[in-house]
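Student: My structure is in final-v6.txt, and what it holds is compact mmCIF, C-alpha atoms:
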```txt
# COMPACT_ATOMS: atom_id res chain seq x y z
CA MET A 452 -6.15 72.26 17.68
CA LYS A 453 -6.89 70.77 14.24
CA LYS A 454 -3.79 68.64 14.56
CA MET A 455 -4.96 67.30 17.92
CA ILE A 456 -8.42 66.42 16.62
CA PHE A 457 -6.87 64.71 13.57
CA SER A 458 -4.53 62.71 15.81
CA ALA A 459 -7.39 61.61 18.08
CA VAL A 460 -9.52 60.51 15.11
CA ALA A 461 -6.58 58.63 13.59
CA LEU A 462 -5.87 56.89 16.92
CA VAL A 463 -9.50 55.76 17.28
CA ALA A 464 -9.59 54.60 13.64
CA PHE A 465 -6.38 52.56 13.99
CA SER A 466 -7.62 51.03 17.22
CA PHE A 467 -10.84 49.82 15.56
CA ALA A 468 -8.89 48.48 12.58
CA GLY A 469 -6.60 46.55 14.95
CA MET A 470 -9.56 45.09 16.83
CA ALA A 471 -11.22 44.06 13.58
CA ASN A 472 -8.08 42.14 12.54
CA GLU A 473 -8.05 40.41 15.90
CA VAL A 474 -11.69 39.33 15.45
CA VAL A 475 -10.93 37.93 11.98
CA GLU A 476 -7.86 36.08 13.30
CA LYS A 477 -9.85 34.61 16.18
CA LYS A 478 -12.58 33.48 13.75
CA VAL A 479 -10.00 31.76 11.51
CA GLU A 480 -8.34 30.11 14.50
CA SER A 481 -11.69 28.89 15.76
CA LYS A 482 -12.59 27.53 12.29
CA VAL A 483 -9.28 25.62 11.99
CA GLU A 484 -9.77 24.20 15.48
CA SER A 485 -13.32 23.01 14.78
CA THR A 486 -12.18 21.53 11.44
CA GLN A 487 -9.44 19.61 13.20
CA THR A 488 -11.80 18.39 15.91
CA GLY A 489 -14.41 17.27 13.34
CA CYS A 490 -11.83 15.59 11.12
CA HIS A 491 -10.20 13.99 14.17
CA ASN A 492 -13.54 12.25 14.74
CA VAL A 493 -13.59 11.21 11.07
CA TYR A 494 -10.17 9.62 11.66
CA LEU A 495 -11.37 7.72 14.74
CA ASP A 496 -14.61 6.51 13.08
CA THR A 497 -12.78 5.37 9.94
CA TYR A 498 -10.09 3.57 11.94
CA GLN A 499 -12.67 1.74 14.04
CA SER A 500 -14.81 0.78 11.01
CA ALA A 501 -11.77 -0.64 9.22
CA ILE A 502 -10.77 -2.65 12.31
CA ASP A 503 -14.36 -3.91 12.70
CA ASN A 504 -14.27 -5.13 9.10
CA GLY A 505 -11.08 -7.13 9.39
CA ALA A 506 -8.38 -4.64 8.43
CA ASN A 507 -5.04 -4.97 10.14
CA GLU A 508 -3.96 -2.06 12.34
CA THR A 509 -1.51 -0.71 9.79
CA GLN A 510 -4.07 -0.76 6.98
CA ALA A 511 -6.72 0.82 9.24
CA GLY A 512 -4.30 3.58 10.27
CA LYS A 513 -3.38 4.38 6.68
CA VAL A 514 -7.01 4.52 5.50
CA ALA A 515 -8.01 6.63 8.52
CA TRP A 516 -5.17 9.10 7.83
CA ASP A 517 -6.39 9.48 4.24
CA ALA A 518 -9.93 10.08 5.53
CA TYR A 519 -8.58 12.75 7.92
CA LYS A 520 -6.58 14.40 5.13
CA SER A 521 -9.55 14.33 2.77
CA CYS A 522 -11.78 15.84 5.49
CA THR A 523 -9.43 18.73 6.33
CA GLU A 524 -8.89 19.54 2.66
CA LYS A 525 -12.64 19.58 1.96
CA VAL A 526 -13.49 21.76 4.95
CA LEU A 527 -10.70 24.24 4.27
CA THR A 528 -11.59 24.62 0.59
CA GLN A 529 -15.21 25.32 1.55
CA THR A 530 -14.19 28.29 3.73
CA MET B 546 13.51 -39.51 -34.18
CA LEU B 547 14.24 -40.26 -30.52
CA GLY B 548 17.54 -38.41 -30.89
CA LYS B 549 15.74 -35.31 -32.19
CA ILE B 550 13.32 -35.37 -29.25
CA ILE B 551 16.22 -35.66 -26.78
CA VAL B 552 17.97 -32.71 -28.46
CA ILE B 553 14.77 -30.63 -28.22
CA PHE B 554 14.42 -31.46 -24.50
CA ILE B 555 18.07 -30.60 -23.83
CA PHE B 556 17.53 -27.30 -25.68
CA ILE B 557 14.42 -26.46 -23.60
CA GLY B 558 16.30 -27.47 -20.46
CA ASN B 559 19.15 -25.14 -21.35
CA LEU B 560 16.74 -22.27 -22.02
CA SER B 561 15.14 -22.51 -18.58
CA ALA B 562 18.53 -23.05 -16.94
CA GLN B 563 19.77 -19.86 -18.57
CA THR B 564 17.07 -17.66 -17.09
CA ASN B 565 18.94 -15.99 -14.27
CA SER B 566 16.90 -12.86 -13.59
CA LEU B 567 13.55 -11.33 -14.29
CA SER B 568 11.58 -8.13 -14.20
CA VAL B 569 7.80 -8.31 -13.96
CA ASN B 570 5.23 -5.51 -13.99
CA TYR B 571 2.00 -6.00 -12.04
CA SER B 572 -1.27 -4.08 -12.10
CA LEU B 573 -3.67 -3.67 -9.20
CA GLN B 574 -7.40 -4.32 -9.03
CA ILE B 575 -9.56 -3.69 -5.97
CA GLY B 576 -12.76 -5.70 -6.11
CA PHE B 577 -16.06 -5.54 -4.23
CA ASP B 578 -15.66 -6.33 -0.56
CA GLU B 579 -18.56 -7.44 1.61
CA GLY B 580 -17.19 -5.55 4.63
CA PHE B 581 -15.67 -2.38 3.17
CA SER B 582 -18.15 -1.82 0.29
CA LYS B 583 -21.23 -1.98 2.53
CA ASN B 584 -19.96 -0.10 5.57
CA ASP B 585 -21.54 3.36 5.87
CA ILE B 586 -18.29 5.05 6.84
CA LEU B 587 -15.93 3.17 4.52
CA LYS B 588 -17.97 2.59 1.36
CA ASP B 589 -17.22 5.97 -0.27
CA TYR B 590 -13.51 5.74 0.50
CA TYR B 591 -13.44 2.14 -0.81
CA ALA B 592 -15.23 3.19 -4.02
CA LEU B 593 -12.58 5.88 -4.54
CA ALA B 594 -9.88 3.27 -3.94
CA GLN B 595 -11.41 0.96 -6.56
CA LYS B 596 -11.11 3.76 -9.14
CA GLY B 597 -7.63 4.81 -8.03
CA ALA B 598 -6.27 1.25 -8.24
CA GLN B 599 -6.29 1.40 -12.05
CA ALA B 600 -3.40 3.87 -12.01
CA ILE B 601 -1.15 1.87 -9.69
CA LYS B 602 1.64 -0.34 -11.06
CA PHE B 603 4.28 -2.46 -9.37
CA LYS B 604 7.63 -3.95 -10.34
CA LEU B 605 9.20 -7.19 -9.16
CA GLU B 606 12.89 -7.65 -9.86
CA ALA B 607 14.59 -10.89 -8.96
CA ASN B 608 17.55 -13.12 -9.49
CA LYS B 609 17.63 -16.71 -8.20
CA ILE B 610 18.36 -15.59 -4.62
CA VAL B 611 17.03 -12.08 -4.08
CA SER B 612 13.82 -10.25 -4.98
CA TYR B 613 12.54 -6.70 -4.57
CA PHE B 614 8.88 -5.75 -5.06
CA THR B 615 7.86 -2.11 -5.08
CA MET B 616 5.20 0.29 -6.36
CA VAL B 617 6.15 2.39 -9.37
CA ASP B 618 6.24 6.14 -8.55
CA LEU B 619 3.20 8.09 -9.70
CA ILE B 620 1.44 11.41 -9.24
CA LYS B 621 -1.12 10.95 -6.49
CA ASN B 622 -4.65 12.17 -5.96
CA GLU B 623 -7.39 11.33 -3.46
CA GLU B 624 -8.50 8.16 -5.31
CA ILE B 625 -4.94 6.89 -5.62
CA ASP B 626 -4.20 7.69 -1.97
CA PHE B 627 -7.13 5.54 -0.82
CA ALA B 628 -6.15 2.76 -3.25
CA ILE B 629 -2.61 2.79 -1.86
CA SER B 630 -3.90 2.65 1.71
CA PHE B 631 -6.51 -0.10 1.25
CA SER B 632 -4.03 -2.26 -0.71
CA GLU B 633 -1.02 -1.17 1.37
CA ALA B 634 0.69 -0.55 -1.95
CA SER B 635 3.33 1.74 -0.47
CA THR B 636 4.97 -1.22 1.27
CA SER B 637 8.01 -2.59 -0.60
CA TYR B 638 9.43 -6.07 0.03
CA PHE B 639 13.04 -7.28 -0.10
CA ILE B 640 13.74 -11.00 0.24
CA ASP B 641 17.11 -12.74 0.32
CA ILE B 642 16.57 -16.51 0.38
CA GLU B 643 20.24 -17.34 0.96
CA LYS B 644 20.56 -15.13 4.05
CA GLY B 645 17.00 -15.85 5.21
CA LYS B 646 16.36 -12.10 5.33
CA LYS B 647 13.00 -10.44 4.73
CA ILE B 648 12.54 -6.68 5.00
CA LYS B 649 9.45 -4.50 4.52
CA TYR B 650 9.89 -0.84 3.61
CA GLU B 651 7.11 1.47 4.73
CA SER B 652 6.81 5.08 3.60
CA GLY B 653 4.06 7.65 3.93
CA PHE B 654 2.77 10.48 6.13
CA PHE B 655 4.44 8.72 9.08
CA GLY B 656 7.95 8.76 7.61
CA GLU B 657 10.20 5.99 6.27
CA TYR B 658 10.85 2.75 8.10
CA MET B 659 12.48 -0.66 7.56
CA ILE B 660 10.90 -3.64 9.29
CA GLU B 661 12.51 -7.07 9.43
CA TYR B 662 10.01 -9.91 9.39
CA GLN B 663 10.01 -13.68 9.17
CA GLU B 664 6.46 -14.53 8.06
CA THR B 665 6.08 -17.50 5.75
CA THR B 666 2.93 -18.59 3.96
CA ASN B 667 1.60 -22.12 4.39
CA TRP B 668 0.55 -22.88 0.84
CA LYS B 669 -1.86 -25.58 -0.22
CA LEU B 670 -1.11 -26.63 -3.81
CA GLU B 671 -4.25 -27.26 -5.88
CA ASN B 672 -4.69 -29.13 -9.19
CA GLU B 673 -6.52 -26.26 -10.91
CA THR B 674 -4.66 -24.58 -13.78
CA LYS B 675 -5.01 -21.30 -15.63
CA GLN B 676 -3.31 -19.92 -18.72
CA ILE B 677 -1.81 -16.49 -18.08
CA GLY B 678 -0.31 -15.14 -21.29
CA ASP B 679 2.07 -17.83 -22.59
CA TYR B 680 2.36 -19.53 -19.23
CA LEU B 681 0.45 -22.39 -17.67
CA CYS B 682 -0.08 -21.53 -14.02
CA TYR B 683 -1.18 -23.61 -11.07
CA LYS B 684 -3.37 -22.56 -8.18
CA ALA B 685 -2.15 -22.37 -4.59
CA THR B 686 -4.26 -21.20 -1.67
CA SER B 687 -3.69 -19.98 1.86
CA GLU B 688 -5.20 -17.66 4.46
CA GLN B 689 -4.21 -14.22 5.67
CA VAL B 690 -4.83 -14.21 9.41
CA VAL B 691 -5.47 -10.73 10.80
CA VAL B 692 -5.47 -10.33 14.57
CA ASN B 693 -6.68 -6.86 15.53
CA PRO B 694 -8.36 -5.36 18.64
CA LYS B 695 -11.76 -6.54 17.33
CA GLY B 696 -10.71 -10.20 17.00
CA THR B 697 -9.26 -12.66 14.50
CA PHE B 698 -10.18 -12.49 10.83
CA LYS B 699 -9.21 -14.90 8.07
CA HIS B 700 -9.02 -13.65 4.49
CA PRO B 701 -8.50 -15.99 1.52
CA ILE B 702 -5.27 -15.90 -0.49
CA VAL B 703 -5.14 -17.32 -4.01
CA ALA B 704 -1.88 -17.42 -5.97
CA TRP B 705 -1.35 -18.56 -9.57
CA TYR B 706 2.25 -19.67 -9.92
CA CYS B 707 4.06 -20.76 -13.01
CA PRO B 708 6.56 -23.67 -12.73
CA SER B 709 8.06 -22.87 -16.13
CA ILE B 710 9.43 -19.64 -14.61
CA PRO B 711 11.62 -21.20 -11.91
CA PHE B 712 11.73 -18.35 -9.39
CA ASN B 713 10.18 -18.75 -5.93
CA PHE B 714 8.96 -15.16 -5.64
CA GLY B 715 5.79 -13.16 -6.18
CA PRO B 716 4.07 -9.86 -5.45
CA LYS B 717 3.70 -8.44 -1.91
CA GLY B 718 6.50 -10.62 -0.53
CA TYR B 719 4.53 -13.82 -1.12
CA ASP B 720 7.13 -16.47 -1.85
CA GLY B 721 7.88 -20.14 -1.39
CA LEU B 722 5.97 -21.57 -4.37
CA PRO B 723 7.63 -23.76 -7.04
CA GLY B 724 7.41 -21.05 -9.70
CA LEU B 725 6.89 -17.33 -10.11
CA VAL B 726 3.52 -15.99 -8.94
CA LEU B 727 1.89 -14.23 -11.89
CA GLU B 728 -1.40 -13.47 -10.17
CA LEU B 729 -2.16 -12.99 -6.50
CA GLN B 730 -5.44 -12.31 -4.75
CA VAL B 731 -5.57 -11.38 -1.07
CA ARG B 732 -9.08 -10.78 0.24
CA ASN B 733 -10.54 -8.94 -2.79
CA ILE B 734 -7.41 -7.23 -4.02
CA THR B 735 -5.61 -8.66 -7.06
CA TRP B 736 -2.08 -8.14 -8.36
CA GLY B 737 -1.74 -9.37 -11.95
CA ALA B 738 1.35 -9.61 -14.16
CA THR B 739 1.16 -7.39 -17.22
CA LYS B 740 4.72 -7.70 -18.57
CA ILE B 741 7.32 -10.41 -17.98
CA GLU B 742 10.94 -10.00 -18.98
CA LEU B 743 13.28 -12.94 -18.47
CA SER B 744 17.01 -12.56 -18.84
CA ASN B 745 20.06 -14.78 -19.01
CA GLU B 746 22.09 -12.17 -17.17
CA SER B 747 22.35 -12.46 -13.42
CA ILE B 748 21.55 -9.00 -12.09
CA ILE B 749 22.60 -7.75 -8.66
CA ILE B 750 19.74 -6.54 -6.45
CA ASP B 751 21.07 -4.49 -3.57
CA LYS B 752 19.20 -4.26 -0.29
CA PRO B 753 17.77 -0.73 -0.18
CA SER B 754 18.76 1.08 2.98
CA LYS B 755 16.14 3.74 3.52
CA GLY B 756 14.33 4.59 6.71
CA LYS B 757 14.82 3.78 10.35
CA LEU B 758 14.92 0.10 11.35
CA ILE B 759 12.05 -0.66 13.76
CA THR B 760 9.95 -3.65 14.82
CA GLU B 761 6.50 -4.49 13.47
CA GLU B 762 4.94 -3.61 16.85
CA GLU B 763 6.64 -0.19 16.93
CA PHE B 764 5.43 0.52 13.40
CA LYS B 765 1.83 -0.45 14.26
CA LYS B 766 1.87 2.10 17.09
CA ILE B 767 3.21 4.86 14.82
CA VAL B 768 0.63 4.29 12.08
CA ALA B 769 -2.29 3.78 14.43
CA SER B 770 -1.64 7.03 16.35
CA PRO B 771 -4.43 9.54 15.69
CA PRO B 772 -3.43 12.87 14.14
CA MET B 773 -2.58 15.67 16.58
CA PHE B 774 -3.79 19.22 16.07
CA GLY B 775 -1.43 21.03 13.78
CA ASN B 776 -0.73 17.93 11.64
```
Show the structure stored in the file as structure tokens.
Tutor:
Amino acid sequence: MKKMIFSAVALVAFSFAGMANEVVEKKVESKVESTQTGCHNVYLDTYQSAIDNGANETQAGKVAWDAYKSCTEKVLTQT
Amino acid sequence: MLGKIIVIFIFIGNLSAQTNSLSVNYSLQIGFDEGFSKNDILKDYYALAQKGAQAIKFKLEANKIVSYFTMVDLIKNEEIDFAISFSEASTSYFIDIEKGKKIKYESGFFGEYMIEYQETTNWKLENETKQIGDYLCYKATSEQVVVNPKGTFKHPIVAWYCPSIPFNFGPKGYDGLPGLVLELQVRNITWGATKIELSNESIIIDKPSKGKLITEEEFKKIVASPPMFGN
């Protein structure tokens, strides 16, 4: 009887632990996705600003990529 | 007396005739820019680039026919990354006058590419002179025409070339002047010679073969593609 109760408690405990991991994973995934979306906008804004100010397309692309990289690094180090 | 003068001239003539190759180091300076420095989105990135530029060095190697201009390898950080991007410092230039071949080498987050190009600069030679180190240099001007989706922009180009160094090359693939370019300013970015080594030996400069050969248009599309999730 004791063994059965112990097994049931262990099963419930492991289930909760598994669910908790899933929640954490989902939160991390969601954070990465929102970072990428936000930084994607940083890329687009930087690219357009460089073009508006007379940069060639190659130069604008390179600067915008650096802005994107800088954005993702900053957001990820803050988390 | 006249004989001595003639001997001196022949000697000087021989010296310049014996210069068959050179190696020049250039530094980079990114100056204030009306557009980039005042734009709300770009101003912080441009300020970082201005700081990062101090660490960037270039090397031009040339014989009478061929030249190769490239950035010297360095450890990068955020400031240097922005300086490289604003000045397009990661682009190397190979020019072979005899074969009429010009190749740009691009490397970065997008990969490595070789791009053949045929651009020439229409120089206007000015009378203004400037002493750079031991060399008397002359001013030449032109315009960099940028055609982008917003419209056409014209940025000033100023080159200081030195006829006493009889090589028709310069930084960033700018060539065609009657002397080596020791200082070049495009828009508000300046490449300045810091060390000049002339040699009597004729060195061989091989065409680097690195990266995939593509057209300028193909490269523009690659670089201008926004990042995808997961990059």
Student: From the options B:Leu587, B:Leu619, B:Asn565, B:Phe581, which residue's atoms come nearest to A:Ala515, counting only C-alpha atoms?
Tutor: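 Distance minimum relative to A:Ala515 lands on B:Leu587.
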Student: Would you kindly report the residues of chain B within 8 Å of chain A, using all atoms listed in the file, as a list of chain:residue names?
Tutor: B:Gly580, B:Phe581, B:Asn584, B:Ile586, B:Leu587, B:Tyr590, B:Glu623, B:Asp626, B:Phe627, B:Ser630, B:Phe631, B:Ser632, B:Glu633, B:Val691, B:Val692, B:Asn693, B:Pro694, B:Lys695, B:Thr697, B:Phe698, B:Phe764, B:Lys765, B:Val768, B:Ala769, B:Ser770, B:Pro771, B:Pro772, B:Phe774
Student: Have a look at atom CA of B:Pro711 and atom CA of B:Gln663 and let me know their distance in Å, one decimal.
Tutor: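 Atom-to-atom, atom CA of B:Pro711 to atom CA of B:Gln663, that is 22.4 Å.
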Student: Mind pulling up the distance from atom CA of B:Ile575 to atom CA of B:Phe654?
Tutor: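 Here the two named atoms are 22.3 Å from each other.
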Student: For the atom pair atom CA of B:Thr666 and atom CA of B:Ile629, what is the interatomic distance in Å to one decimal place?
Tutor: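 Atom-to-atom, atom CA of B:Thr666 and atom CA of B:Ile629 are spaced 22.8 Å apart.
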Student: Go through B:Asp679, B:Glu657, B:Glu761, B:Glu671 and flag the residue nearest B:Ile710, using all atoms listed in the file for the distances.
Tutor: B:Asp679
Student: Within 9 Å of B:Ala607, counting all atoms listed in the file, which residues show up once you throw out same-chain ones fewer than 6 positions away? Write them as a compact mmCIF listing (two decimals) with C-alpha atoms, in the frame of the given file, please.
Tutor:
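Saved as part-v4.txt:
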```
# COMPACT_ATOMS: atom_id res chain seq x y z
CA ASN B 565 18.94 -15.99 -14.27
CA SER B 566 16.90 -12.86 -13.59
CA LEU B 567 13.55 -11.33 -14.29
CA SER B 568 11.58 -8.13 -14.20
CA VAL B 569 7.80 -8.31 -13.96
CA TYR B 613 12.54 -6.70 -4.57
CA PHE B 614 8.88 -5.75 -5.06
CA PHE B 712 11.73 -18.35 -9.39
CA PHE B 714 8.96 -15.16 -5.64
CA ILE B 748 21.55 -9.00 -12.09
CA ILE B 749 22.60 -7.75 -8.66
CA ILE B 750 19.74 -6.54 -6.45
```
Student: Leaving out B:Ser582 and any residue of its chain fewer than 6 positions from it, which residues lie within 9 Å of it when counting only C-alpha atoms, given as a PyMOL selection string?
Tutor: chain B and resi 588-592
Student: Just checking: using all atoms listed in the file, which residue out of B:Tyr638, B:Tyr571, B:Tyr662, B:Phe655 ends up closest to B:Thr615?
Tutor: B:Tyr638
